[in-house]
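Structure file run_38.csv (CSV, C-alpha atoms and all ligand atoms) is printed below.
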chain,number,residue,atom,x,y,z
A,1,MET,CA,44.2,-5.4,-12.1
A,2,ARG,CA,44.1,-4.3,-15.7
A,3,PHE,CA,40.3,-4.2,-15.4
A,4,ILE,CA,40.4,-1.9,-12.4
A,5,ALA,CA,42.9,0.4,-14.1
A,6,LEU,CA,40.5,0.7,-17.1
A,7,PHE,CA,37.6,1.4,-14.7
A,8,VAL,CA,39.5,4.1,-13.0
A,9,LEU,CA,40.5,5.6,-16.4
A,10,VAL,CA,37.0,5.6,-17.9
A,11,PHE,CA,34.7,6.4,-14.9
A,12,LEU,CA,36.7,8.2,-12.3
A,13,LEU,CA,38.6,10.8,-14.2
A,14,PRO,CA,36.2,13.8,-13.9
A,15,PHE,CA,37.1,15.3,-17.3
A,16,PRO,CA,38.7,12.7,-19.7
A,17,LEU,CA,40.9,14.6,-22.0
A,18,HIS,CA,43.1,13.6,-24.9
A,19,ALA,CA,45.8,15.4,-26.8
A,20,GLY,CA,43.6,16.7,-29.5
A,21,ASP,CA,41.0,18.4,-27.3
A,22,ALA,CA,40.6,22.1,-27.8
A,23,PRO,CA,40.7,24.2,-24.7
A,24,ARG,CA,37.4,26.0,-23.7
A,25,ASN,CA,39.2,28.6,-21.6
A,26,ILE,CA,42.4,30.4,-22.4
A,27,ILE,CA,44.4,32.5,-20.0
A,28,LEU,CA,47.4,34.3,-21.6
A,29,LEU,CA,49.7,35.9,-19.0
A,30,ILE,CA,52.2,38.4,-20.3
A,31,GLY,CA,55.1,39.7,-18.2
A,32,ASP,CA,56.1,42.9,-20.0
A,33,GLY,CA,59.9,42.9,-20.2
A,34,MET,CA,60.1,39.4,-18.8
A,35,GLY,CA,63.0,37.4,-20.1
A,36,LEU,CA,65.0,34.5,-18.5
A,37,ALA,CA,67.1,36.8,-16.3
A,38,GLN,CA,64.0,38.4,-14.8
A,39,ILE,CA,62.6,34.9,-14.0
A,40,SER,CA,66.0,33.8,-12.7
A,41,ALA,CA,66.2,36.8,-10.3
A,42,ALA,CA,62.7,36.2,-8.9
A,43,ARG,CA,63.3,32.5,-8.6
A,44,LYS,CA,66.4,33.2,-6.4
A,45,ILE,CA,64.2,35.3,-4.0
A,46,ARG,CA,61.2,32.9,-4.0
A,47,LYS,CA,62.1,29.3,-4.5
A,48,ASP,CA,58.5,28.0,-5.2
A,49,LEU,CA,57.7,30.3,-8.1
A,50,SER,CA,54.5,29.1,-9.8
A,51,ILE,CA,55.8,30.0,-13.3
A,52,THR,CA,58.7,27.5,-13.0
A,53,GLN,CA,56.3,24.7,-12.0
A,54,ILE,CA,55.2,24.5,-15.7
A,55,LYS,CA,56.9,21.7,-17.6
A,56,GLN,CA,56.1,22.6,-21.2
A,57,ILE,CA,58.5,25.3,-22.3
A,58,ALA,CA,59.3,26.9,-25.6
A,59,LEU,CA,61.5,29.8,-26.7
A,60,MET,CA,60.0,32.8,-28.5
A,61,SER,CA,61.6,35.3,-30.9
A,62,THR,CA,60.2,38.7,-30.5
A,63,ASP,CA,61.6,40.8,-33.5
A,64,SER,CA,59.1,43.2,-35.0
A,65,ALA,CA,58.5,43.7,-38.7
A,66,ASP,CA,60.8,46.8,-38.8
A,67,ASP,CA,63.3,46.3,-36.0
A,68,TYR,CA,65.3,43.5,-34.4
A,69,VAL,CA,64.3,45.0,-31.0
A,70,THR,CA,60.5,45.1,-30.6
A,71,ASP,CA,58.4,47.4,-28.5
A,72,SER,CA,55.3,46.2,-26.6
A,73,ALA,CA,52.9,47.4,-29.3
A,74,ALA,CA,54.3,45.4,-32.1
A,75,SER,CA,54.9,42.3,-30.0
A,76,ALA,CA,51.4,42.3,-28.4
A,77,THR,CA,49.9,42.9,-31.9
A,78,ALA,CA,51.8,39.8,-33.1
A,79,MET,CA,50.4,37.7,-30.3
A,80,ALA,CA,46.9,39.1,-30.6
A,81,GLY,CA,46.6,38.9,-34.4
A,82,GLY,CA,49.3,36.4,-35.6
A,83,VAL,CA,51.1,38.9,-37.8
A,84,LYS,CA,54.4,40.8,-37.2
A,85,THR,CA,54.1,44.6,-37.4
A,86,ASN,CA,56.1,47.7,-37.0
A,87,ASN,CA,57.1,49.1,-33.7
A,88,GLY,CA,54.4,51.5,-32.3
A,89,PHE,CA,51.5,50.0,-34.3
A,90,ILE,CA,48.5,48.7,-32.4
A,91,GLY,CA,46.3,46.0,-34.1
A,92,LEU,CA,47.5,47.0,-37.6
A,93,ASP,CA,49.8,45.2,-40.0
A,94,PRO,CA,52.9,47.0,-41.5
A,95,ASN,CA,50.7,48.4,-44.3
A,96,LYS,CA,48.3,49.7,-41.7
A,97,LYS,CA,45.6,47.2,-42.6
A,98,ARG,CA,43.4,46.3,-39.6
A,99,LEU,CA,44.2,42.9,-38.1
A,100,LYS,CA,41.4,40.8,-36.7
A,101,ASN,CA,42.5,39.9,-33.1
A,102,ILE,CA,41.8,36.9,-30.9
A,103,PHE,CA,39.4,38.9,-28.8
A,104,GLU,CA,37.2,39.8,-31.8
A,105,ILE,CA,37.2,36.1,-32.9
A,106,ALA,CA,36.5,35.0,-29.3
A,107,LYS,CA,33.5,37.3,-29.2
A,108,GLU,CA,32.1,35.9,-32.5
A,109,LYS,CA,32.4,32.4,-30.9
A,110,GLY,CA,30.4,33.5,-27.9
A,111,LEU,CA,33.3,33.4,-25.4
A,112,GLN,CA,33.6,35.8,-22.6
A,113,THR,CA,36.6,38.1,-22.7
A,114,ALA,CA,38.8,40.0,-20.3
A,115,VAL,CA,41.9,42.3,-20.6
A,116,ILE,CA,43.7,43.1,-17.3
A,117,ALA,CA,46.8,45.2,-16.8
A,118,THR,CA,48.8,46.9,-14.0
A,119,SER,CA,49.3,49.9,-16.3
A,120,ARG,CA,46.8,52.3,-17.9
A,121,ILE,CA,44.4,50.0,-19.8
A,122,THR,CA,45.2,52.3,-22.9
A,123,HIS,CA,48.9,51.3,-22.7
A,124,ALA,CA,50.5,49.4,-25.6
A,125,THR,CA,50.1,45.8,-24.5
A,126,PRO,CA,46.5,45.8,-23.3
A,127,ALA,CA,45.6,48.2,-26.2
A,128,ALA,CA,47.0,45.8,-28.8
A,129,PHE,CA,44.4,43.1,-27.9
A,130,VAL,CA,41.5,45.5,-28.4
A,131,ALA,CA,42.2,48.6,-30.5
A,132,HIS,CA,43.5,49.4,-34.0
A,133,VAL,CA,45.6,52.6,-34.3
A,134,ASP,CA,48.9,53.5,-36.1
A,135,SER,CA,50.5,54.9,-33.0
A,136,ARG,CA,50.6,53.7,-29.4
A,137,GLU,CA,50.8,57.3,-28.4
A,138,LYS,CA,47.2,57.9,-29.5
A,139,GLU,CA,45.9,56.8,-26.1
A,140,LEU,CA,42.8,59.0,-26.3
A,141,ASP,CA,41.8,57.3,-29.6
A,142,ILE,CA,42.6,54.0,-27.9
A,143,ALA,CA,40.3,54.9,-25.0
A,144,LEU,CA,37.5,55.6,-27.4
A,145,GLN,CA,37.9,52.3,-29.1
A,146,LEU,CA,38.1,50.5,-25.8
A,147,SER,CA,34.9,52.1,-24.6
A,148,GLN,CA,33.1,50.9,-27.7
A,149,SER,CA,34.6,47.4,-27.7
A,150,SER,CA,32.8,44.2,-27.0
A,151,VAL,CA,35.4,43.0,-24.4
A,152,ASP,CA,33.4,42.0,-21.3
A,153,LEU,CA,35.9,43.2,-18.8
A,154,LEU,CA,38.6,45.8,-19.2
A,155,LEU,CA,40.5,46.2,-15.9
A,156,GLY,CA,43.4,48.5,-15.2
A,157,GLY,CA,44.3,52.1,-14.7
A,158,GLY,CA,43.9,55.1,-16.9
A,159,ALA,CA,40.5,56.5,-16.1
A,160,ASP,CA,41.8,60.0,-17.1
A,161,MET,CA,42.0,58.9,-20.7
A,162,PHE,CA,38.2,58.4,-20.7
A,163,LEU,CA,37.3,61.7,-18.9
A,164,PRO,CA,37.1,65.3,-20.3
A,165,HIS,CA,39.6,67.8,-19.1
A,166,LYS,CA,36.9,70.4,-18.6
A,167,GLY,CA,35.0,69.8,-15.4
A,168,LEU,CA,36.4,66.4,-14.5
A,169,GLY,CA,40.2,67.0,-14.8
A,170,GLY,CA,40.7,64.1,-17.3
A,171,LYS,CA,43.0,64.1,-20.3
A,172,ARG,CA,40.4,64.3,-23.1
A,173,ASN,CA,40.3,67.6,-25.0
A,174,ASP,CA,37.3,66.5,-27.1
A,175,GLY,CA,34.9,67.2,-24.2
A,176,ARG,CA,33.7,63.6,-24.2
A,177,ASN,CA,33.0,61.6,-21.0
A,178,LEU,CA,33.4,58.0,-22.1
A,179,LEU,CA,32.5,56.7,-18.7
A,180,GLN,CA,29.1,58.3,-19.0
A,181,LYS,CA,28.2,57.1,-22.4
A,182,GLN,CA,28.2,53.4,-21.7
A,183,GLY,CA,24.5,52.9,-21.6
A,184,ASN,CA,22.5,51.6,-18.6
A,185,ASP,CA,23.4,47.9,-19.0
A,186,LYS,CA,27.1,48.4,-18.7
A,187,LEU,CA,28.6,48.6,-15.3
A,188,ILE,CA,31.6,50.8,-14.6
A,189,THR,CA,33.7,50.5,-11.4
A,190,ARG,CA,36.2,53.1,-10.3
A,191,SER,CA,37.9,51.6,-7.4
A,192,VAL,CA,39.6,48.3,-6.6
A,193,HIS,CA,37.3,47.8,-3.6
A,194,GLN,CA,34.3,48.2,-5.8
A,195,TYR,CA,35.7,45.7,-8.3
A,196,LEU,CA,36.7,43.1,-5.7
A,197,SER,CA,33.3,43.2,-4.0
A,198,SER,CA,31.2,43.3,-7.1
A,199,ASP,CA,29.0,40.4,-7.9
A,200,ARG,CA,28.5,41.5,-11.5
A,201,LEU,CA,31.1,41.8,-14.2
A,202,PRO,CA,31.9,45.4,-14.9
A,203,GLN,CA,32.7,46.2,-18.5
A,204,LEU,CA,35.2,48.9,-17.4
A,205,ALA,CA,37.0,48.6,-14.1
A,206,LEU,CA,39.3,51.7,-14.2
A,207,ILE,CA,40.7,51.5,-10.7
A,208,GLU,CA,43.2,54.3,-11.0
A,209,THR,CA,43.3,57.6,-12.9
A,210,ASP,CA,46.8,56.8,-14.3
A,211,ASP,CA,48.8,53.6,-13.9
A,212,LEU,CA,48.3,51.2,-11.0
A,213,PRO,CA,50.8,51.8,-8.2
A,214,ARG,CA,53.8,49.5,-8.2
A,215,ALA,CA,53.3,46.2,-6.4
A,216,ARG,CA,55.0,47.3,-3.2
A,217,ASN,CA,52.6,50.2,-2.8
A,218,ARG,CA,49.4,48.2,-3.6
A,219,HIS,CA,47.4,46.3,-1.0
A,220,TYR,CA,46.1,43.8,-3.6
A,221,SER,CA,47.9,41.5,-5.9
A,222,LEU,CA,47.5,40.8,-9.6
A,223,GLY,CA,46.5,37.3,-8.5
A,224,GLN,CA,43.6,38.8,-6.6
A,225,LEU,CA,42.5,40.8,-9.6
A,226,LEU,CA,42.6,37.6,-11.7
A,227,GLN,CA,40.8,35.5,-9.1
A,228,LYS,CA,37.9,37.9,-9.0
A,229,ALA,CA,37.7,38.0,-12.8
A,230,LEU,CA,37.6,34.2,-13.0
A,231,SER,CA,34.9,34.0,-10.4
A,232,LEU,CA,32.7,36.4,-12.4
A,233,LEU,CA,33.5,35.0,-15.8
A,234,GLU,CA,33.0,31.3,-15.0
A,235,LYS,CA,29.4,32.0,-13.9
A,236,GLU,CA,28.2,32.0,-17.5
A,237,LYS,CA,29.9,28.7,-18.4
A,238,ARG,CA,30.5,29.9,-22.0
A,239,GLY,CA,34.3,29.6,-21.9
A,240,PHE,CA,36.5,32.6,-21.8
A,241,LEU,CA,39.7,34.3,-23.1
A,242,ILE,CA,41.7,36.4,-20.7
A,243,MET,CA,44.9,38.4,-21.4
A,244,ILE,CA,46.5,39.6,-18.1
A,245,GLU,CA,49.7,41.7,-18.1
A,246,GLY,CA,52.3,42.3,-15.4
A,247,SER,CA,53.0,45.6,-17.0
A,248,GLN,CA,55.7,47.0,-14.6
A,249,ILE,CA,58.4,44.3,-14.8
A,250,ASP,CA,59.4,46.3,-17.9
A,251,TRP,CA,59.4,49.6,-16.0
A,252,GLY,CA,61.8,48.2,-13.4
A,253,GLY,CA,64.1,47.3,-16.4
A,254,HIS,CA,63.8,50.7,-17.9
A,255,LYS,CA,64.8,52.2,-14.5
A,256,LYS,CA,67.7,49.6,-14.1
A,257,ASP,CA,66.1,48.8,-10.7
A,258,LEU,CA,66.4,45.2,-9.9
A,259,ASP,CA,64.3,45.3,-6.7
A,260,TYR,CA,61.5,46.8,-8.8
A,261,VAL,CA,61.8,44.0,-11.4
A,262,ILE,CA,61.8,41.3,-8.7
A,263,GLU,CA,58.8,42.7,-6.9
A,264,GLU,CA,56.8,43.0,-10.1
A,265,MET,CA,57.8,39.5,-11.0
A,266,LEU,CA,56.5,38.1,-7.7
A,267,ASP,CA,53.3,40.0,-8.2
A,268,PHE,CA,53.0,38.6,-11.7
A,269,ASP,CA,53.7,35.1,-10.4
A,270,SER,CA,50.7,35.5,-8.0
A,271,ALA,CA,48.5,35.6,-11.1
A,272,VAL,CA,50.3,32.6,-12.7
A,273,ASN,CA,49.5,30.8,-9.5
A,274,ILE,CA,45.8,31.6,-9.7
A,275,ALA,CA,45.7,30.6,-13.4
A,276,LEU,CA,47.3,27.3,-12.7
A,277,GLN,CA,45.1,26.5,-9.8
A,278,TYR,CA,42.1,27.2,-12.0
A,279,ALA,CA,43.5,25.1,-14.8
A,280,LYS,CA,44.0,22.2,-12.4
A,281,LYS,CA,40.4,22.5,-11.3
A,282,ASP,CA,39.0,22.9,-14.8
A,283,PRO,CA,41.2,20.9,-17.2
A,284,HIS,CA,39.6,22.5,-20.3
A,285,THR,CA,41.8,25.5,-19.5
A,286,LEU,CA,45.0,26.4,-21.4
A,287,VAL,CA,47.4,28.6,-19.6
A,288,LEU,CA,50.2,30.4,-21.5
A,289,VAL,CA,52.8,32.5,-19.7
A,290,THR,CA,55.3,34.6,-21.7
A,291,GLY,CA,56.8,38.0,-22.1
A,292,ASP,CA,56.6,40.5,-25.0
A,293,HIS,CA,60.4,41.1,-25.0
A,294,GLU,CA,63.2,41.4,-22.5
A,295,THR,CA,64.0,44.8,-20.9
A,296,GLY,CA,67.3,46.1,-19.8
A,297,GLY,CA,69.6,43.3,-21.1
A,298,LEU,CA,69.8,42.1,-17.5
A,299,SER,CA,72.6,39.8,-16.5
A,300,LEU,CA,72.9,38.3,-13.0
A,301,LEU,CA,76.5,37.9,-11.8
A,302,ALA,CA,76.7,37.4,-8.1
A,303,TYR,CA,74.3,36.6,-5.2
A,304,ASP,CA,75.0,37.2,-1.5
A,305,LYS,CA,73.4,34.3,0.4
A,306,SER,CA,74.0,36.0,3.8
A,307,VAL,CA,71.6,38.8,2.9
A,308,ASN,CA,69.6,37.1,0.1
A,309,ARG,CA,70.4,39.8,-2.4
A,310,PHE,CA,72.1,40.0,-5.7
A,311,ASN,CA,75.3,41.9,-5.2
A,312,GLY,CA,76.5,41.6,-8.8
A,313,TYR,CA,74.2,42.4,-11.7
A,314,SER,CA,74.2,44.6,-14.7
A,315,PHE,CA,71.6,46.2,-17.0
A,316,ALA,CA,73.2,46.6,-20.5
A,317,SER,CA,70.7,49.3,-21.4
A,318,ARG,CA,67.7,51.2,-20.4
A,319,HIS,CA,65.8,49.8,-23.3
A,320,HIS,CA,64.4,46.5,-24.6
A,321,SER,CA,66.7,43.8,-25.9
A,322,GLY,CA,66.2,41.2,-28.7
A,323,THR,CA,67.1,38.0,-26.8
A,324,LEU,CA,64.8,35.0,-27.0
A,325,ILE,CA,62.2,34.8,-24.2
A,326,PRO,CA,60.5,31.7,-22.7
A,327,LEU,CA,57.0,30.6,-23.3
A,328,PHE,CA,55.4,28.3,-20.7
A,329,SER,CA,52.2,26.4,-21.4
A,330,PHE,CA,49.9,24.2,-19.4
A,331,GLY,CA,46.7,22.4,-20.3
A,332,PRO,CA,45.0,21.1,-23.5
A,333,GLY,CA,46.6,22.4,-26.6
A,334,SER,CA,49.9,23.2,-24.9
A,335,GLU,CA,51.7,20.6,-27.1
A,336,GLN,CA,51.5,23.1,-30.0
A,337,PHE,CA,53.7,25.5,-28.2
A,338,GLN,CA,57.2,24.0,-28.4
A,339,GLY,CA,60.6,24.6,-29.9
A,340,LEU,CA,61.7,28.0,-31.1
A,341,MET,CA,58.7,30.0,-32.1
A,342,GLU,CA,58.0,33.5,-33.4
A,343,ASN,CA,55.6,35.6,-31.3
A,344,SER,CA,53.4,35.8,-34.4
A,345,THR,CA,53.2,32.0,-34.4
A,346,LEU,CA,51.9,32.0,-30.9
A,347,GLY,CA,49.2,34.5,-32.2
A,348,LYS,CA,48.5,32.2,-35.2
A,349,HIS,CA,48.0,29.2,-32.9
A,350,LEU,CA,45.6,31.2,-30.7
A,351,VAL,CA,43.7,32.4,-33.8
A,352,ASP,CA,43.4,28.7,-34.9
A,353,ILE,CA,42.4,27.4,-31.4
A,354,ILE,CA,39.7,30.0,-30.9
A,355,SER,CA,38.4,29.9,-34.5
A,356,SER,CA,37.9,26.1,-34.2
A,357,GLN,CA,35.6,26.5,-31.3
A,358,LYS,CA,31.9,25.9,-31.8
A,359,THR,CA,29.8,29.1,-31.8
A,360,LYS,CA,27.9,29.3,-28.5
B,1,ZN,ZN,59.3,48.8,-22.3

Would you write out, as C-alpha cells, the structure that this file holds?
Amino acid sequence: MRFIALFVLVFLLPFPLHAGDAPRNIILLIGDGMGLAQISAARKIRKDLSITQIKQIALMSTDSADDYVTDSAASATAMAGGVKTNNGFIGLDPNKKRLKNIFEIAKEKGLQTAVIATSRITHATPAAFVAHVDSREKELDIALQLSQSSVDLLLGGGADMFLPHKGLGGKRNDGRNLLQKQGNDKLITRSVHQYLSSDRLPQLALIETDDLPRARNRHYSLGQLLQKALSLLEKEKRGFLIMIEGSQIDWGGHKKDLDYVIEEMLDFDSAVNIALQYAKKDPHTLVLVTGDHETGGLSLLAYDKSVNRFNGYSFASRHHSGTLIPLFSFGPGSEQFQGLMENSTLGKHLVDIISSQKTK
C-alpha cells in the first residue's frame, strides 16, 4: 500500500511541486476599492464567488507614505515597487527617485508581461506598474511612457491619451500620434472584437477612447479579457507576469452606488475564476487577489431575502478609507503572503520572487 502511494506521488503527479518552488507565472488581480464589505456584498448576491474559494488569506495595510488614507497611485506603486510613496506619485519614492518596478524586473528576466484594466490604461493603478511621474494627473506623459515601455500587452481604455487633438480628436496637445509611432513590428488593436479575435499579442489594445463602459453595459467580461491574454501569453512558454484591475469597484464606492459596486465585483470575480482555473491547470502559477484600498467606508446592515437585495447599508464617505483589506493567494509561493502585511511588503515579495527567476 505504501509502495503504491509512493508510486502515485512520484510518477503520476504531472508537476511535482514543493513549498520552496518559485512560481513561473504570476497573476496579480487588484480590485480597486475592494475591501471586505465589497466582497461581503458580492458574496451575498452570488454564493459561489471564486475569490472566496481561495484558502490562503492575509490582511493588508494600505497607508501611503504621507497619509493614513491612500490613493490608488501610492498603493499601486507600493505593490509594484515595494516602497511606500506619497499619494499621487506613480513609480517614484517620496523623494521622487525612480523605483524599479516588477514589470521592469520581469522583462530583464525574459518573462512576458501584461497590464489590463477596465479604466483608461493611463489611470493611476495600471500606470503605477509601468510609468514614473510625480502626478497621476499627468496622463499624457503617462501615455508617452506607456507607448515606449517594454510591456508586451497593455489592454484597457484611454486611446484619446495617445492621439493628437488636431485631426484625430484626441487629448494630446503636443501633436503627437503615439499609436502611429509604434514601428511595424508592434500590433495595435482598437476594438474589443479585434482583440478577442487576434491570434497575435497586441502591444497596445486600446479598446475605448476613454474608460471602458461599466460592466452592465459591456457585452464582454474582465474574465474574457484575461482568458484571451493568457492564451496569447502562454504560447511562448517563457513564464509571465500579469496585473489585471477591476477598476470600477472603486467608482461605485465614490458614487455610493451599491449596485454598481456589486456588478463590478462580479465582473472582477470572473477574472479571478479564469486565473484560478489557469493555476489549477498549470501549477507553476501564483495567483494573488487583493485591493489597493477600500472605497466608501461601506457597511452592510440589512438584507432582504425576499427580493435578494440589501435594504440597509451605508457609505460613510465618498472617498477611500484606511481599513485593512484582504489579500488572497493561491499557488507556489503563496505561503509568503500571510498575517498582517504592508502593501509594500507584498511588492517586496514580488520583487524577490521575480528577481530570483533564472534569466530566459
Ligand atoms: Zn478611488

Length of the CA of Glu264 (chain A) to CA of Ile51 (chain A) vector [Å]: 13.4 Å

Site check for ligand ZN 1 (chain B): residues at most 10 Å away, all atoms listed in the file, as an MDAnalysis selection string: chainID A and resid 32:33 70:73 124:125 247:254 292:296 318:321

Shell around Leu327 (chain A) at 6 Å using only C-alpha atoms, local window under 4 positions removed, as a VMD selection string: chain A and resid 57 to 59 289 to 290

Nearest to Leu153 (chain A) by atom-to-atom distance, counting all atoms listed in the file, from A:Ser119, A:Gln203, A:Ser198, A:Ser135: A:Gln203

Please report, as JSON, the centre and edge lengths in Å to one decimal of an axis-aligned box covering all listed atoms of region 158-163 of chain A with 6 Å per side.
{"center_x": 40.6, "center_y": 58.4, "center_z": -18.4, "size_x": 18.6, "size_y": 18.6, "size_z": 16.6}

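Excluding Val192 (chain A) and any residue on its chain fewer than 6 positions from it, the residues at most 10 Å away by only C-alpha atoms are Leu155, Gly156, Ser198, Ala205, Leu206, Ile207, Glu208, His219, Tyr220 and Leu225 of chain A.
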
Write out the residues from the selection above, keeping C-alpha atoms, as a PDB file, keeping the file's coordinate frame.
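For reference, result-v1.pdb as written:
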ATOM      1  CA  LEU A 155      40.500  46.200 -15.900  1.00  0.00           C
ATOM      2  CA  GLY A 156      43.400  48.500 -15.200  1.00  0.00           C
ATOM      3  CA  SER A 198      31.200  43.300  -7.100  1.00  0.00           C
ATOM      4  CA  ALA A 205      37.000  48.600 -14.100  1.00  0.00           C
ATOM      5  CA  LEU A 206      39.300  51.700 -14.200  1.00  0.00           C
ATOM      6  CA  ILE A 207      40.700  51.500 -10.700  1.00  0.00           C
ATOM      7  CA  GLU A 208      43.200  54.300 -11.000  1.00  0.00           C
ATOM      8  CA  HIS A 219      47.400  46.300  -1.000  1.00  0.00           C
ATOM      9  CA  TYR A 220      46.100  43.800  -3.600  1.00  0.00           C
ATOM     10  CA  LEU A 225      42.500  40.800  -9.600  1.00  0.00           C
TER      11      LEU A 225
END

Shortest interatomic distance to Ile39 (chain A) - which of A:Val130, A:Leu300, A:Ile105, A:Leu146, counting only C-alpha atoms: A:Leu300

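Nearest-residue note for Glu104 (chain A): choosing from A:Val83, A:Asp134, A:Leu163, A:Ser149, the minimum distance belongs to A:Ser149, counting all atoms listed in the file.
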
Shell around region 230-233 of chain A at 8 Å using all atoms listed in the file, local window under 3 positions removed, as a count of residues only: 9

Shortest interatomic distance to Asn273 (chain A) - which of A:Ser64, A:Asn25, A:Gln53, A:Ser75, counting only C-alpha atoms: A:Gln53

Residues within 12 Å of (51.9, 56.3, -16.3), counting all atoms listed in the file, listed as number ranges by chain: A: 118-124, 139, 156-161, 208-214, 247-248, 251

Distance query 7 Å from (48.9, 43.4, -32.8) using only C-alpha atoms, result as a ChimeraX atom specification: /A:73-81,90-92,128-129

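You will find CA of His284 (chain A) at 27.5 Å from CA of Leu99 (chain A).
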
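The environment of Pro283 (chain A) within 7 Å, counting all atoms listed in the file and disregarding residues fewer than 2 places along the same chain, consists of Phe15, Ala279, Lys280, Lys281, Thr285 and Gly331 of chain A.
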
Å distance separating CA of Ser329 (chain A) from CA of Ile26 (chain A), one decimal place: 10.6 Å

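The nearest approach to Thr345 (chain A) among the residues A:Lys47, A:Arg218, A:Lys84, A:Lys107, with all atoms listed in the file taken into account, belongs to A:Lys84.
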
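Nearest to Ala117 (chain A) of all the residues A:Gly223, A:Pro164, A:Pro23, A:Gly312 is A:Gly223, counting only C-alpha atoms.
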